[in-house]
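This report concerns only the one structure given below.
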Amino acid sequence: GAVVSQHPSWVICKSGTSVKIECRSLDFQATTMFWYRQFPKQSLMLMATSNEGSKATYEQGVEKDKFLINHASLTLSTLTVTSAHPEDSSFYICSARDPRLYGYTFGSGTRLTVV
Amino acid sequence: GNSVTQMEGPVTLSEEAFLTINCTYTATGYPSLFWYVQYPGEGLQLLLKATKADDKGSNKGFEATYRKETTSFHLEKGSVQVSDSAVYFCALGRSGGGADGLTFGKGTHLIIQP
């Protein structure tokens, strides 16, 4: 149980375009999902908390207009990187908490490269 | 604010050696503590957790005890295997109910040599 699927696993896009990353909880409902960013050889940094049916909560320093989060159902949250630039290249990871457990399940991550 | 400090690697050990990866934290209130493992090319997997002081989390031969007096959650294993080679992250939950995201340490790359 507690499986989180993230898609795509990697994507290459041109500067100025937008990219959407999906995060799905496969066998449980998640009212809250989390989006992290991981730089090479660095830790995971929480970007935002995605709340089903309401606005996401962004961490300090994260541009909400650049990183659009939508959590339209109890099993799906999406992160859209708008007008991507090379400095947005990173590893993005989503997470959700299965209310049946105590712990957070992570997706396998999305490697974004902006060229 | 909350923060997690863990020893930086890489840590290189021989098979069957004893492992300790130090983790200390700064937090308000009573956070929950976690160890996650990331194998090459894979996502993060929960290794073990502890939700209150003096709790011991254990899994796959790994153990960590929540020490409030020293604000520590050191990861230990008595005899490591080559298959334990991975990156290990110490993390804390900002609230007991799990409504908030996690604060991670920088990760410790563990390399086990045969």
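Following the order of the structure tokens, first chain is A, next is B, and so on, with residues numbered from 1 inside each chain and ligands from 1 in the order they appear.
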Per residue of stretch 2-22 of chain A within 12 Å of stretch 33-43 of chain B, note the shortest atom pair and the distance in Å to one decimal, counting only C-alpha atoms, and order the rows by chain and increasing residue number, as a Markdown table.
```
| residue | atom | partner | partner_atom | distance |
| --- | --- | --- | --- | --- |
| A:Val3 | CA | B:Gly43 | CA | 11.5 |
| A:Val4 | CA | B:Gly43 | CA | 10.2 |
| A:Ser5 | CA | B:Gly43 | CA | 10.4 |
| A:Gln6 | CA | B:Gly43 | CA | 10.1 |
| A:Ser9 | CA | B:Glu42 | CA | 10.4 |
| A:Trp10 | CA | B:Gly41 | CA | 11.8 |
```
Counting only C-alpha atoms, which residues of chain B come no farther than 8 Å from chain A, as a PyMOL selection string? chain B and resi 42-46+49+89+98-107
Would you list the contacts of B:Thr5 as number ranges by chain, taking every protein, DNA or RNA residue within 7 Å and counting only C-alpha atoms, but skipping same-chain residues closer than 2 positions in sequence? B: 3, 7, 23-25, 105
If you keep N, CA and C atoms, can you produce a file of those selected residues as an mmCIF file, in the first residue's frame?
```cif
data_model
loop_
_atom_site.group_PDB
_atom_site.id
_atom_site.type_symbol
_atom_site.label_atom_id
_atom_site.label_comp_id
_atom_site.auth_asym_id
_atom_site.auth_seq_id
_atom_site.Cartn_x
_atom_site.Cartn_y
_atom_site.Cartn_z
ATOM 1 N N SER B 3 15.548 22.702 11.676
ATOM 2 C CA SER B 3 16.683 22.316 10.842
ATOM 3 C C SER B 3 17.176 20.939 11.250
ATOM 4 N N MET B 7 25.794 14.098 9.318
ATOM 5 C CA MET B 7 27.170 14.014 8.861
ATOM 6 C C MET B 7 27.188 13.864 7.353
ATOM 7 N N CYS B 23 22.799 12.341 13.343
ATOM 8 C CA CYS B 23 21.768 13.296 12.955
ATOM 9 C C CYS B 23 21.344 14.066 14.199
ATOM 10 N N THR B 24 21.380 15.380 14.121
ATOM 11 C CA THR B 24 20.862 16.214 15.194
ATOM 12 C C THR B 24 19.863 17.189 14.600
ATOM 13 N N TYR B 25 18.994 17.700 15.433
ATOM 14 C CA TYR B 25 17.936 18.552 14.907
ATOM 15 C C TYR B 25 17.695 19.749 15.819
ATOM 16 N N GLY B 105 17.743 16.712 6.272
ATOM 17 C CA GLY B 105 19.171 16.947 6.298
ATOM 18 C C GLY B 105 19.730 16.838 4.890
#
```
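Here atom CA of A:Ile21 stands at a distance of 5.1 Å from atom CA of A:Leu79.
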At a cut-off of 9 Å, using only C-alpha atoms, what residues contact B:Leu19? Leave out same-chain residues fewer than 4 positions from it and give the result as a ChimeraX atom specification. /B:13,75-80
Using only C-alpha atoms for the distances, tell me which of A:His71, A:Lys66, A:Lys14, A:Arg37 is nearest to A:Asn51. A:His71
Please identify the strand (DSSP E or B) residues within chain A (assignment by DSSP from backbone atoms) and present them as an MDAnalysis selection string. chainID A and resid 4:7 10:13 19:25 32:38 44:51 57:58 67:73 76:81 90:97 104:106 110:114
Straight-line distance linking atom CA of A:Leu112 with atom CA of A:Pro86, stated in Å to one decimal: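 Answer for the atom CA of A:Leu112 to atom CA of A:Pro86 separation: 9.4 Å.
Atom pair atom CA of B:Ala91 / atom CA of B:Ala64: separated by 12.3 Å.
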May I ask which of the residues A:Ser90, A:Ala2, A:Gly16, A:Cys23 is the closest one to A:Thr78, counting only C-alpha atoms? A:Cys23
Could you check the closest approach to B:His74 for each of B:Val11, B:Ala53, B:Cys90, B:Ile112 and tell me which residue wins, using only C-alpha atoms?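 Of all the options, B:Cys90 lies closest to B:His74.
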